[in-house]
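data22.txt follows (compact mmCIF, C-alpha atoms (C1' of nucleotides)):
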# COMPACT_ATOMS: atom_id res chain seq x y z
CA MET A 47 140.14 124.11 108.52
CA ARG A 48 139.85 127.46 106.79
CA PRO A 49 136.20 128.46 107.32
CA ASN A 50 135.89 126.22 110.40
CA LYS A 51 137.34 128.56 113.00
CA LYS A 52 134.83 131.26 112.21
CA ASP A 53 131.93 128.82 112.28
CA GLU A 54 133.27 127.26 115.44
CA LEU A 55 133.44 130.68 117.06
CA VAL A 56 129.85 131.43 116.14
CA ARG A 57 128.72 128.01 117.34
CA LYS A 58 130.46 128.33 120.71
CA ALA A 59 129.42 131.96 121.13
CA LEU A 60 125.84 130.86 120.59
CA THR A 61 126.07 128.56 123.59
CA VAL A 62 127.44 131.26 125.86
CA PHE A 63 125.06 133.99 124.68
CA TYR A 64 122.10 131.65 125.08
CA ARG A 65 123.16 130.57 128.55
CA ASP A 66 124.16 133.95 130.01
CA GLY A 67 122.47 136.58 127.85
CA PHE A 68 123.95 139.11 125.45
CA HIS A 69 124.85 142.09 127.61
CA ALA A 70 126.04 139.84 130.42
CA THR A 71 128.50 138.15 128.07
CA GLY A 72 131.64 140.17 127.46
CA MET A 73 134.14 139.57 124.68
CA ASP A 74 136.68 138.52 127.30
CA LYS A 75 134.39 135.75 128.51
CA LEU A 76 133.94 134.66 124.92
CA VAL A 77 137.71 134.46 124.51
CA ALA A 78 137.94 132.30 127.62
CA GLU A 79 135.05 130.01 126.71
CA THR A 80 135.61 129.59 122.98
CA GLY A 81 139.39 129.37 122.93
CA VAL A 82 139.39 131.78 120.01
CA SER A 83 141.67 134.78 120.43
CA LYS A 84 140.17 138.22 120.61
CA THR A 85 142.26 139.39 117.69
CA SER A 86 140.85 136.60 115.59
CA MET A 87 137.30 137.43 116.64
CA TYR A 88 137.66 141.02 115.56
CA LYS A 89 139.14 139.87 112.26
CA HIS A 90 135.91 138.00 111.52
CA PHE A 91 133.46 140.46 113.08
CA ARG A 92 134.05 144.16 113.35
CA THR A 93 131.82 144.57 116.38
CA LYS A 94 130.09 142.54 119.05
CA GLU A 95 126.80 143.37 117.36
CA GLU A 96 127.96 141.77 114.10
CA LEU A 97 128.88 138.64 116.02
CA ILE A 98 125.48 138.55 117.69
CA VAL A 99 123.73 138.89 114.34
CA ALA A 100 125.80 135.99 112.99
CA VAL A 101 124.89 133.96 116.06
CA LEU A 102 121.20 134.68 115.53
CA LYS A 103 121.39 133.71 111.86
CA LEU A 104 122.90 130.38 112.86
CA ARG A 105 120.28 129.92 115.55
CA ASP A 106 117.47 130.65 113.12
CA GLU A 107 118.82 128.11 110.68
CA SER A 108 119.62 125.33 113.15
CA PHE A 109 116.51 125.71 115.26
CA ARG A 110 114.18 125.53 112.30
CA GLU A 111 116.14 122.66 110.83
CA TRP A 112 115.80 120.71 114.09
CA PHE A 113 112.20 121.70 114.64
CA GLU A 114 110.89 120.82 111.17
CA ARG A 115 112.81 117.56 111.09
CA ARG A 116 111.46 116.55 114.49
CA VAL A 117 107.91 117.41 113.46
CA ASP A 118 108.30 115.31 110.31
CA GLU A 119 109.49 112.40 112.42
CA LEU A 120 106.52 112.67 114.76
CA ALA A 121 103.66 113.05 112.29
CA ASP A 122 102.69 112.36 108.70
CA THR A 123 99.70 114.52 107.80
CA PRO A 124 99.77 118.34 107.86
CA ALA A 125 97.12 118.48 110.57
CA ASP A 126 99.07 116.06 112.74
CA LYS A 127 102.26 118.02 112.10
CA ILE A 128 100.64 121.10 113.57
CA LEU A 129 99.81 119.16 116.71
CA ALA A 130 103.19 117.42 116.78
CA SER A 131 104.86 120.84 116.77
CA PHE A 132 103.90 121.12 120.41
CA ASP A 133 105.33 117.71 121.22
CA ALA A 134 108.60 118.87 119.70
CA LEU A 135 108.41 122.08 121.73
CA GLY A 136 107.77 120.00 124.85
CA GLU A 137 110.97 118.05 124.24
CA TRP A 138 112.85 121.30 123.86
CA PHE A 139 111.38 122.71 127.09
CA GLU A 140 112.67 119.69 129.00
CA GLU A 141 116.29 120.09 127.95
CA ASP A 142 118.54 121.15 130.82
CA SER A 143 119.98 123.92 128.74
CA TYR A 144 116.53 125.32 127.87
CA ARG A 145 116.53 129.07 128.35
CA GLY A 146 113.50 130.21 126.38
CA CYS A 147 113.55 131.51 122.83
CA MET A 148 116.83 133.19 121.94
CA PHE A 149 115.02 135.66 119.68
CA ILE A 150 112.56 136.70 122.34
CA ASN A 151 115.53 137.13 124.68
CA ALA A 152 117.40 139.16 122.08
CA GLY A 153 114.35 141.35 121.54
CA ALA A 154 114.17 141.92 125.28
CA GLU A 155 117.76 143.12 125.47
CA PHE A 156 117.85 145.22 122.30
CA ASN A 157 114.80 147.41 122.19
CA CYS A 158 115.70 149.93 119.56
CA LYS A 159 113.23 149.49 116.68
CA ASP A 160 115.76 149.53 113.85
CA ASP A 161 118.37 147.45 115.61
CA PRO A 162 119.55 144.70 113.22
CA ILE A 163 119.42 142.26 116.12
CA ARG A 164 115.74 142.99 116.59
CA GLN A 165 115.10 142.69 112.87
CA GLU A 166 116.75 139.27 112.92
CA ALA A 167 114.36 138.24 115.68
CA ALA A 168 111.34 139.54 113.77
CA HIS A 169 112.50 137.65 110.69
CA HIS A 170 112.70 134.40 112.63
CA LYS A 171 109.13 134.77 113.85
CA GLN A 172 107.93 135.63 110.38
CA VAL A 173 109.49 132.49 108.91
CA LEU A 174 107.90 130.34 111.60
CA LEU A 175 104.57 131.99 110.90
CA ASP A 176 104.94 131.04 107.25
CA TYR A 177 105.75 127.48 108.26
CA PHE A 178 102.56 127.16 110.30
CA THR A 179 100.50 128.91 107.67
CA ASN A 180 101.73 126.45 105.06
CA LEU A 181 100.84 123.49 107.25
CA ALA A 182 97.42 125.02 107.83
CA ARG A 183 96.92 125.43 104.11
CA GLN A 184 97.98 121.85 103.39
CA ALA A 185 95.66 120.64 106.13
CA GLY A 186 92.78 122.34 104.35
CA ALA A 187 92.04 125.03 106.91
CA ARG A 188 89.32 127.50 106.00
CA ASP A 189 91.61 130.49 106.62
CA PRO A 190 95.24 129.25 106.68
CA GLU A 191 96.75 132.67 107.49
CA LEU A 192 94.46 133.00 110.48
CA LEU A 193 95.15 129.50 111.79
CA GLY A 194 98.87 130.07 111.28
CA CYS A 195 98.70 133.24 113.40
CA ARG A 196 96.84 131.41 116.13
CA ILE A 197 99.26 128.51 116.24
CA LEU A 198 102.13 130.98 116.46
CA LEU A 199 100.46 132.75 119.37
CA LEU A 200 100.19 129.43 121.19
CA LYS A 201 103.80 128.55 120.45
CA GLU A 202 105.16 131.89 121.71
CA GLY A 203 102.92 131.75 124.75
CA ALA A 204 104.07 128.23 125.57
CA ILE A 205 107.73 129.22 125.26
CA VAL A 206 107.42 132.23 127.54
CA THR A 207 105.29 130.45 130.11
CA SER A 208 107.43 127.32 130.26
CA SER A 209 110.56 129.38 130.56
CA LEU A 210 109.32 131.59 133.39
CA LEU A 211 107.44 128.92 135.34
CA GLY A 212 110.10 126.28 134.74
CA THR A 213 107.77 123.53 133.55
CA ALA A 214 107.11 121.85 130.21
CA GLN A 215 103.37 121.66 130.92
CA PRO A 216 102.47 124.62 128.66
CA ALA A 217 103.46 122.46 125.68
CA CYS A 218 100.62 120.06 126.49
CA ASP A 219 98.16 122.86 127.18
CA ALA A 220 99.06 124.50 123.90
CA LYS A 221 98.72 121.23 122.01
CA GLU A 222 95.19 120.60 123.26
CA THR A 223 94.30 124.19 122.51
CA ALA A 224 95.67 123.81 119.01
CA ARG A 225 93.48 120.76 118.56
CA ILE A 226 90.40 122.85 119.27
CA LEU A 227 91.50 125.54 116.82
CA LEU A 228 92.31 122.96 114.18
CA ASP A 229 88.88 121.33 114.53
CA GLU A 230 87.26 124.74 114.24
CA ALA A 231 89.24 125.54 111.11
CA LEU A 232 88.46 122.26 109.41
CA LYS A 233 84.76 121.85 110.22
CA GLY A 234 81.85 123.18 108.16
CA MET B 175 108.29 164.02 151.60
CA ARG B 176 109.65 161.19 153.72
CA PRO B 177 108.69 158.03 151.85
CA ASN B 178 108.23 159.91 148.57
CA LYS B 179 111.85 160.07 147.44
CA LYS B 180 112.21 156.31 147.59
CA ASP B 181 108.95 155.73 145.75
CA GLU B 182 109.83 158.40 143.24
CA LEU B 183 113.17 156.72 142.62
CA VAL B 184 111.48 153.37 142.02
CA ARG B 185 108.90 154.95 139.75
CA LYS B 186 111.48 156.78 137.63
CA ALA B 187 113.83 153.79 137.60
CA LEU B 188 110.96 151.72 136.25
CA THR B 189 110.65 154.00 133.24
CA VAL B 190 114.34 153.80 132.44
CA PHE B 191 114.66 150.05 133.00
CA TYR B 192 111.61 149.41 130.86
CA ARG B 193 112.82 151.65 128.07
CA ASP B 194 116.49 150.56 127.95
CA GLY B 195 116.65 147.18 129.65
CA PHE B 196 118.25 146.15 132.93
CA HIS B 197 121.85 145.42 132.07
CA ALA B 198 121.98 148.32 129.65
CA THR B 199 120.95 150.71 132.43
CA GLY B 200 123.78 151.60 134.77
CA MET B 201 123.43 153.24 138.15
CA ASP B 202 125.10 156.36 136.76
CA LYS B 203 122.39 156.68 134.12
CA LEU B 204 119.80 156.27 136.83
CA VAL B 205 121.41 159.10 138.79
CA ALA B 206 121.27 161.33 135.72
CA GLU B 207 117.69 160.44 134.79
CA THR B 208 116.05 160.32 138.21
CA GLY B 209 117.80 163.25 139.85
CA VAL B 210 118.33 161.08 142.90
CA SER B 211 121.91 160.92 144.16
CA LYS B 212 123.76 157.66 144.05
CA THR B 213 124.45 157.77 147.77
CA SER B 214 120.77 158.11 148.41
CA MET B 215 119.97 155.19 146.12
CA TYR B 216 122.34 152.91 147.96
CA LYS B 217 120.83 154.04 151.25
CA HIS B 218 117.46 152.68 150.10
CA PHE B 219 118.71 149.66 148.18
CA ARG B 220 121.88 147.80 149.01
CA THR B 221 122.37 146.56 145.46
CA LYS B 222 121.13 147.13 141.94
CA GLU B 223 119.36 143.80 142.16
CA GLU B 224 117.34 144.97 145.17
CA LEU B 225 116.30 148.05 143.24
CA ILE B 226 115.24 145.95 140.26
CA VAL B 227 113.14 143.71 142.50
CA ALA B 228 111.46 146.79 143.97
CA VAL B 229 110.80 148.06 140.45
CA LEU B 230 109.24 144.74 139.45
CA LYS B 231 107.02 144.70 142.53
CA LEU B 232 105.75 148.14 141.61
CA ARG B 233 105.24 147.07 138.01
CA ASP B 234 103.30 143.98 139.08
CA GLU B 235 101.04 146.06 141.24
CA SER B 236 100.44 148.94 138.85
CA PHE B 237 100.08 146.85 135.71
CA ARG B 238 97.47 144.58 137.25
CA GLU B 239 95.67 147.53 138.77
CA TRP B 240 95.48 149.20 135.35
CA PHE B 241 94.63 146.00 133.49
CA GLU B 242 91.82 144.84 135.76
CA ARG B 243 90.30 148.30 135.97
CA ARG B 244 90.36 148.66 132.18
CA VAL B 245 88.76 145.24 131.72
CA ASP B 246 86.02 146.16 134.19
CA GLU B 247 85.36 149.33 132.23
CA LEU B 248 85.09 147.45 128.96
CA ALA B 249 82.85 144.54 129.96
CA ASP B 250 80.28 143.46 132.53
CA THR B 251 80.00 139.68 132.45
CA PRO B 252 82.92 137.35 133.26
CA ALA B 253 82.89 135.85 129.75
CA ASP B 254 82.99 139.32 128.19
CA LYS B 255 85.78 140.33 130.56
CA ILE B 256 87.92 137.49 129.24
CA LEU B 257 87.41 138.79 125.72
CA ALA B 258 87.83 142.42 126.77
CA SER B 259 91.23 141.52 128.24
CA PHE B 260 92.55 141.41 124.70
CA ASP B 261 91.07 144.80 123.89
CA ALA B 262 92.92 146.18 126.90
CA LEU B 263 96.10 144.48 125.73
CA GLY B 264 95.60 145.98 122.29
CA GLU B 265 95.47 149.46 123.80
CA TRP B 266 98.68 148.74 125.65
CA PHE B 267 100.40 147.48 122.48
CA GLU B 268 99.64 150.75 120.75
CA GLU B 269 101.28 152.97 123.32
CA ASP B 270 104.45 154.62 122.03
CA SER B 271 106.33 153.49 125.09
CA TYR B 272 105.28 149.86 124.62
CA ARG B 273 108.29 147.60 125.00
CA GLY B 274 106.75 144.20 125.67
CA CYS B 275 106.20 142.65 129.06
CA MET B 276 108.72 143.82 131.64
CA PHE B 277 108.67 140.43 133.34
CA ILE B 278 109.36 138.52 130.17
CA ASN B 279 112.19 140.97 129.52
CA ALA B 280 113.52 140.52 133.05
CA GLY B 281 113.37 136.76 132.68
CA ALA B 282 115.32 137.05 129.44
CA GLU B 283 118.11 139.03 131.10
CA PHE B 284 118.37 137.09 134.35
CA ASN B 285 118.41 133.42 133.57
CA CYS B 286 119.62 131.91 136.83
CA LYS B 287 116.81 129.72 138.14
CA ASP B 288 116.86 130.97 141.74
CA ASP B 289 117.38 134.62 140.90
CA PRO B 290 114.89 136.72 142.91
CA ILE B 291 114.26 138.78 139.79
CA ARG B 292 113.16 135.66 137.94
CA GLN B 293 110.97 134.58 140.84
CA GLU B 294 109.29 137.97 140.78
CA ALA B 295 108.52 137.44 137.10
CA ALA B 296 107.14 133.96 137.75
CA HIS B 297 104.97 135.35 140.53
CA HIS B 298 103.49 137.97 138.22
CA LYS B 299 102.52 135.33 135.65
CA GLN B 300 101.03 133.13 138.36
CA VAL B 301 98.84 135.95 139.65
CA LEU B 302 97.60 136.71 136.14
CA LEU B 303 96.87 133.02 135.66
CA ASP B 304 94.75 133.11 138.80
CA TYR B 305 92.93 136.17 137.49
CA PHE B 306 91.98 134.43 134.24
CA THR B 307 91.10 131.22 136.03
CA ASN B 308 88.73 133.10 138.32
CA LEU B 309 87.05 134.78 135.37
CA ALA B 310 86.73 131.38 133.71
CA ARG B 311 85.14 129.94 136.82
CA GLN B 312 82.70 132.83 137.12
CA ALA B 313 81.84 132.45 133.46
CA GLY B 314 80.86 128.84 134.13
CA ALA B 315 83.63 127.15 132.15
CA ARG B 316 83.72 123.37 132.29
CA ASP B 317 87.37 123.36 133.43
CA PRO B 318 88.29 126.86 134.67
CA GLU B 319 91.96 126.01 135.37
CA LEU B 320 92.36 124.75 131.84
CA LEU B 321 90.67 127.72 130.24
CA GLY B 322 92.73 130.06 132.43
CA CYS B 323 95.94 128.41 131.18
CA ARG B 324 94.84 128.73 127.59
CA ILE B 325 93.93 132.39 127.92
CA LEU B 326 97.30 133.05 129.53
CA LEU B 327 99.06 131.32 126.62
CA LEU B 328 97.24 133.59 124.21
CA LYS B 329 98.07 136.67 126.23
CA GLU B 330 101.79 135.89 126.45
CA GLY B 331 101.89 134.95 122.80
CA ALA B 332 100.20 138.19 121.82
CA ILE B 333 102.64 140.25 123.90
CA VAL B 334 105.73 138.62 122.43
CA THR B 335 104.44 138.72 118.87
CA SER B 336 103.25 142.31 118.99
CA SER B 337 106.51 143.43 120.54
CA LEU B 338 108.76 141.71 118.00
CA LEU B 339 106.68 142.42 114.92
CA GLY B 340 105.76 145.93 116.02
CA THR B 341 102.03 145.65 115.44
CA ALA B 342 98.99 145.48 117.71
CA GLN B 343 97.28 142.99 115.41
CA PRO B 344 98.04 139.94 117.63
CA ALA B 345 95.64 141.39 120.20
CA CYS B 346 92.76 140.95 117.73
CA ASP B 347 93.93 137.50 116.67
CA ALA B 348 94.18 136.43 120.29
CA LYS B 349 90.74 137.81 121.07
CA GLU B 350 89.04 135.86 118.30
CA THR B 351 90.96 132.77 119.34
CA ALA B 352 89.83 133.27 122.93
CA ARG B 353 86.25 133.44 121.70
CA ILE B 354 86.57 129.98 120.18
CA LEU B 355 88.07 128.58 123.40
CA LEU B 356 85.40 130.25 125.49
CA ASP B 357 82.62 128.78 123.33
CA GLU B 358 84.20 125.37 123.60
CA ALA B 359 84.46 125.66 127.39
CA LEU B 360 80.85 126.78 127.82
CA LYS B 361 79.06 124.46 125.41
CA GLY B 362 77.76 120.96 126.26
C1' DC C 92 160.14 125.00 100.18
C1' DT C 93 157.97 129.12 100.38
C1' DC C 94 154.93 132.72 101.01
C1' DA C 95 150.69 134.50 102.38
C1' DA C 96 146.62 133.83 104.97
C1' DA C 97 144.88 132.85 109.33
C1' DG C 98 145.67 132.33 113.91
C1' DT C 99 148.01 133.38 118.41
C1' DG C 100 149.29 135.93 123.18
C1' DT C 101 150.08 140.06 125.50
C1' DA C 102 149.47 144.42 126.53
C1' DC C 103 147.04 148.37 126.13
C1' DT C 104 143.19 152.24 125.50
C1' DG C 105 139.39 155.20 127.33
C1' DG C 106 135.14 154.50 129.21
C1' DT C 107 131.72 152.43 132.14
C1' DC C 108 130.35 149.06 135.63
C1' DG C 109 128.47 148.44 140.60
C1' DG C 110 129.51 150.19 144.85
C1' DT C 111 131.83 153.17 148.70
C1' DA C 112 133.83 157.23 151.64
C1' DA C 113 133.64 161.54 153.51
C1' DA C 114 132.11 166.02 154.30
C1' DC C 115 128.19 168.83 153.77
C1' DT C 116 123.04 170.64 153.55
C1' DT C 117 118.19 170.10 153.98
C1' DT C 118 114.08 168.43 156.10
C1' DT C 119 111.51 166.70 159.85
C1' DG C 120 109.68 165.41 164.55
C1' DC C 121 109.51 166.67 169.10
C1' DG D 17 115.41 175.32 168.33
C1' DC D 18 117.82 171.30 168.09
C1' DA D 19 119.23 166.84 167.06
C1' DA D 20 118.58 163.01 164.02
C1' DA D 21 117.21 161.40 159.67
C1' DA D 22 117.44 161.93 154.92
C1' DG D 23 119.35 164.15 151.31
C1' DT D 24 123.25 166.15 148.65
C1' DT D 25 128.06 166.65 145.93
C1' DT D 26 132.43 165.04 144.76
C1' DA D 27 135.74 161.96 144.41
C1' DC D 28 137.18 157.57 144.37
C1' DC D 29 137.72 152.08 144.07
C1' DG D 30 138.94 147.75 141.43
C1' DA D 31 136.83 145.27 137.84
C1' DC D 32 135.21 144.87 133.56
C1' DC D 33 133.59 146.83 128.98
C1' DA D 34 134.32 146.91 123.64
C1' DG D 35 137.89 147.42 120.75
C1' DT D 36 143.06 148.01 119.02
C1' DA D 37 148.26 147.47 118.22
C1' DC D 38 151.98 144.67 117.58
C1' DA D 39 154.98 141.05 117.24
C1' DC D 40 154.79 136.27 116.85
C1' DT D 41 153.44 131.27 115.18
C1' DT D 42 150.82 127.95 112.66
C1' DT D 43 148.90 126.23 108.49
C1' DG D 44 147.82 125.22 103.71
C1' DA D 45 148.26 125.70 98.62
C1' DG D 46 151.26 126.12 94.70

The structure given in the file should be rewritten as structure tokens.
Amino acid sequence: MRPNKKDELVRKALTVFYRDGFHATGMDKLVAETGVSKTSMYKHFRTKEELIVAVLKLRDESFREWFERRVDELADTPADKILASFDALGEWFEEDSYRGCMFINAGAEFNCKDDPIRQEAAHHKQVLLDYFTNLARQAGARDPELLGCRILLLKEGAIVTSSLLGTAQPACDAKETARILLDEALKG
Amino acid sequence: MRPNKKDELVRKALTVFYRDGFHATGMDKLVAETGVSKTSMYKHFRTKEELIVAVLKLRDESFREWFERRVDELADTPADKILASFDALGEWFEEDSYRGCMFINAGAEFNCKDDPIRQEAAHHKQVLLDYFTNLARQAGARDPELLGCRILLLKEGAIVTSSLLGTAQPACDAKETARILLDEALKG
DNA sequence: CTCAAAGTGTACTGGTCGGTAAACTTTTGC
DNA sequence: GCAAAAGTTTACCGACCAGTACACTTTGAG
């Protein structure tokens, strides 16, 4: 149970930060909701910012792990995986606890360019871009980097729209749009 | 100078909220940065939330006014206006003060479903959706609602991506993507 | 069994939060 | 020119903010 308490803190803090936002979540609330004492928190993380960065690192890891696994379950070929990405997103949008993308939210709250929190968010998007670009390459797209960019645009757009309008419909719209882009990238 | 002080307060508060975020901006900072006394603020707006809603209403109005005017300057036909939208966005992304979409940011900070701030954000996106749908209809798209949705997805995706990655490039990517969607919606 | 690491509760700091009270000055309409 | 409306300054409220100090208990490895 040695490294568990720290991980447990990060895991529980993730839930609260995602639900209520970063600035709106004080360390006192975290103490109340995680059951971890404040003293212990500040033994693991020197500042709230350090804790948030740790939370984002966990989120990056666990989201991508879930996402890529789900896509693999839903489709076999690279081209189908690209389309299935939006089915996976749709499932996410329909969760009760869905609150948009944590990295977009973090970027909205911490605007300073060189903020490590913001850099963590940028990193997450970059890794997802690479994921889509790889799928595009494997699918035989004419310009994999370009198709990857476009798929990412659709994904981010679908997240923001579904979150603000409170419907999972954008996932379907994005999927059909992706189909058009995929066809265009594979033809000729 | 009767209605001016209130409008001036909202206008200046907009700048600060956009730059620093909503929760990170206290009323005391607003007093310091706007030159309007706190007493006077609370005479116009009963709560901080009311002020934020007023700020968002102004933002909705002024952003759309700027955006639609700029699009009209850049293109003549409805189809070209859809494409020119992304040129206008690109100009916005390159402004030093660019900090992403204020409504996306507001939605990230205020997550409660029935929060008036969130509803204001949803309204803004809905009005922009209508704008794109109208352009799509005028352009003779097969399914204007569908094309409108897709253009909106690209726009939101470009905003989020450009904001987090700190480059205006997504505007170009989105424009070329929109061209493909437009062709698809006009052909046959 | 023992000792150190890891965890705990409680109380505290100085500063900021959103919001209010009261007494005063300026601006405006008639 | 006079009253009301709109503005101001200053001081204050209780609550919460991030972060610390200290004395205490639990836990795990040798």

Practice task
Dump as number ranges by chain the residues of chain C that approach chain B to within 12 Å, counting all atoms listed in the file.
Solution key: C: 107-113, 117-120

Practice task
Define the interface residues of chain B facing chain A as those within 7 Å, counting only C-alpha atoms, and report them as a list in words.
Solution key: Asp194, Gly195, His197, Asn279, Gly281, Ala282, Glu283, Asn285, Ala295, Ala296, Arg324, Leu327, Leu328, Glu330, Gly331, Ala332, Val334, Leu338, Leu339, Asp347 and Thr351 of chain B

Could you save those same residues with C-alpha atoms as a PDB file, keeping the file's coordinate frame?
ATOM      1  CA  ASP B 194     116.490 150.560 127.950  1.00  0.00           C
ATOM      2  CA  GLY B 195     116.650 147.180 129.650  1.00  0.00           C
ATOM      3  CA  HIS B 197     121.850 145.420 132.070  1.00  0.00           C
ATOM      4  CA  ASN B 279     112.190 140.970 129.520  1.00  0.00           C
ATOM      5  CA  GLY B 281     113.370 136.760 132.680  1.00  0.00           C
ATOM      6  CA  ALA B 282     115.320 137.050 129.440  1.00  0.00           C
ATOM      7  CA  GLU B 283     118.110 139.030 131.100  1.00  0.00           C
ATOM      8  CA  ASN B 285     118.410 133.420 133.570  1.00  0.00           C
ATOM      9  CA  ALA B 295     108.520 137.440 137.100  1.00  0.00           C
ATOM     10  CA  ALA B 296     107.140 133.960 137.750  1.00  0.00           C
ATOM     11  CA  ARG B 324      94.840 128.730 127.590  1.00  0.00           C
ATOM     12  CA  LEU B 327      99.060 131.320 126.620  1.00  0.00           C
ATOM     13  CA  LEU B 328      97.240 133.590 124.210  1.00  0.00           C
ATOM     14  CA  GLU B 330     101.790 135.890 126.450  1.00  0.00           C
ATOM     15  CA  GLY B 331     101.890 134.950 122.800  1.00  0.00           C
ATOM     16  CA  ALA B 332     100.200 138.190 121.820  1.00  0.00           C
ATOM     17  CA  VAL B 334     105.730 138.620 122.430  1.00  0.00           C
ATOM     18  CA  LEU B 338     108.760 141.710 118.000  1.00  0.00           C
ATOM     19  CA  LEU B 339     106.680 142.420 114.920  1.00  0.00           C
ATOM     20  CA  ASP B 347      93.930 137.500 116.670  1.00  0.00           C
ATOM     21  CA  THR B 351      90.960 132.770 119.340  1.00  0.00           C
TER      22      THR B 351
END

Handout entry: Residue among D:DA45, D:DA19, D:DA39, D:DA34 lying closest to chain A, counting only C-alpha atoms (C1' of nucleotides)
Key = D:DA34

Taking only residues of chain D that have an atom at most 10 Å from an atom of chain A, what is each one's shortest atom pair and its distance in Å to one decimal, using all atoms listed in the file, in chain and number order, as a tab-separated table?
residue	atom	partner	partner_atom	distance
D:DC32	C1'	A:Gly72	CA	8.5
D:DC33	C1'	A:Gly72	CA	7.1
D:DA34	C1'	A:Met73	CA	7.4
D:DG35	C1'	A:Thr93	CA	8.0
D:DT36	C1'	A:Thr85	CA	8.8
D:DT43	C1'	A:Met47	CA	9.0
D:DG44	C1'	A:Arg48	CA	8.8

Export, as a PDB file, keeping the file's coordinate frame, the selected residues with C-alpha atoms (C1' of nucleotides).
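The resulting file, out03.pdb, is reproduced below:
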ATOM      1  C1'  DC D  32     135.210 144.870 133.560  1.00  0.00           C
ATOM      2  C1'  DC D  33     133.590 146.830 128.980  1.00  0.00           C
ATOM      3  C1'  DA D  34     134.320 146.910 123.640  1.00  0.00           C
ATOM      4  C1'  DG D  35     137.890 147.420 120.750  1.00  0.00           C
ATOM      5  C1'  DT D  36     143.060 148.010 119.020  1.00  0.00           C
ATOM      6  C1'  DT D  43     148.900 126.230 108.490  1.00  0.00           C
ATOM      7  C1'  DG D  44     147.820 125.220 103.710  1.00  0.00           C
TER       8       DG D  44
END

Handout entry: atom CA of B:Ala253 to atom CA of B:Gln312, straight-line distance in Å
Key =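 Computing it gives 8.0 Å between the two atoms.
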
Handout entry: Spatial neighbours of B:Gly322, max dist 9 Å, all atoms listed in the file, sep filter under 6 positions, as a count of residues only
Key = 9

Exercise for the section: With a distance cut-off of 7 Å and only C-alpha atoms (C1' of nucleotides), select the neighbouring residues of B:Ala342, excluding the residue or stretch itself and same-chain residues fewer than 6 positions from it, and output the selection as a PyMOL selection string. Expected result: chain B and resi 264+267-268+336

Those same residues, written as an mmCIF file, in the coordinates of the input with C-alpha atoms?
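Saved result, again_10.cif, follows:
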data_model
loop_
_atom_site.group_PDB
_atom_site.id
_atom_site.type_symbol
_atom_site.label_atom_id
_atom_site.label_comp_id
_atom_site.auth_asym_id
_atom_site.auth_seq_id
_atom_site.Cartn_x
_atom_site.Cartn_y
_atom_site.Cartn_z
ATOM 1 C CA GLY B 264 95.600 145.980 122.290
ATOM 2 C CA PHE B 267 100.400 147.480 122.480
ATOM 3 C CA GLU B 268 99.640 150.750 120.750
ATOM 4 C CA SER B 336 103.250 142.310 118.990
#

Handout entry: Residue neighbourhood D:DC40, 12 Å, all atoms listed in the file, exclusion window fewer than 3 positions, as a list in words
Key =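 Residues meeting the cut-off are DG98, DT99, DG100 and DT101 of chain C.
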
Mind writing the picked residues with C-alpha atoms (C1' of nucleotides) as a CSV table (one decimal), keeping the file's coordinate frame?
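Wrote out15.csv, looks like this:
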chain,number,residue,atom,x,y,z
C,98,DG,C1',145.7,132.3,113.9
C,99,DT,C1',148.0,133.4,118.4
C,100,DG,C1',149.3,135.9,123.2
C,101,DT,C1',150.1,140.1,125.5

Handout entry: Counting all atoms listed in the file, the option among A:Ala185, A:Val101, A:Ile128, A:Leu135 closest to A:Lys52
Key =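 Of all the options, A:Val101 lies closest to A:Lys52.
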
Exercise for the section: To one decimal in Å, tell me the separation between atom CA of B:Lys179 and atom CA of B:Thr199. Expected result: 19.9 Å

Problem - Two-atom distance - atom CA of B:Leu204, atom C1' of D:DG23 (Å) - result: 16.5 Å

Practice task
Please provide the set of residues having any atom within 10 Å of A:Lys75, restricted to all atoms listed in the file, with same-chain residues fewer than 5 positions apart removed, written as a ChimeraX atom specification.
Solution key: /A:59,62,70,80-81
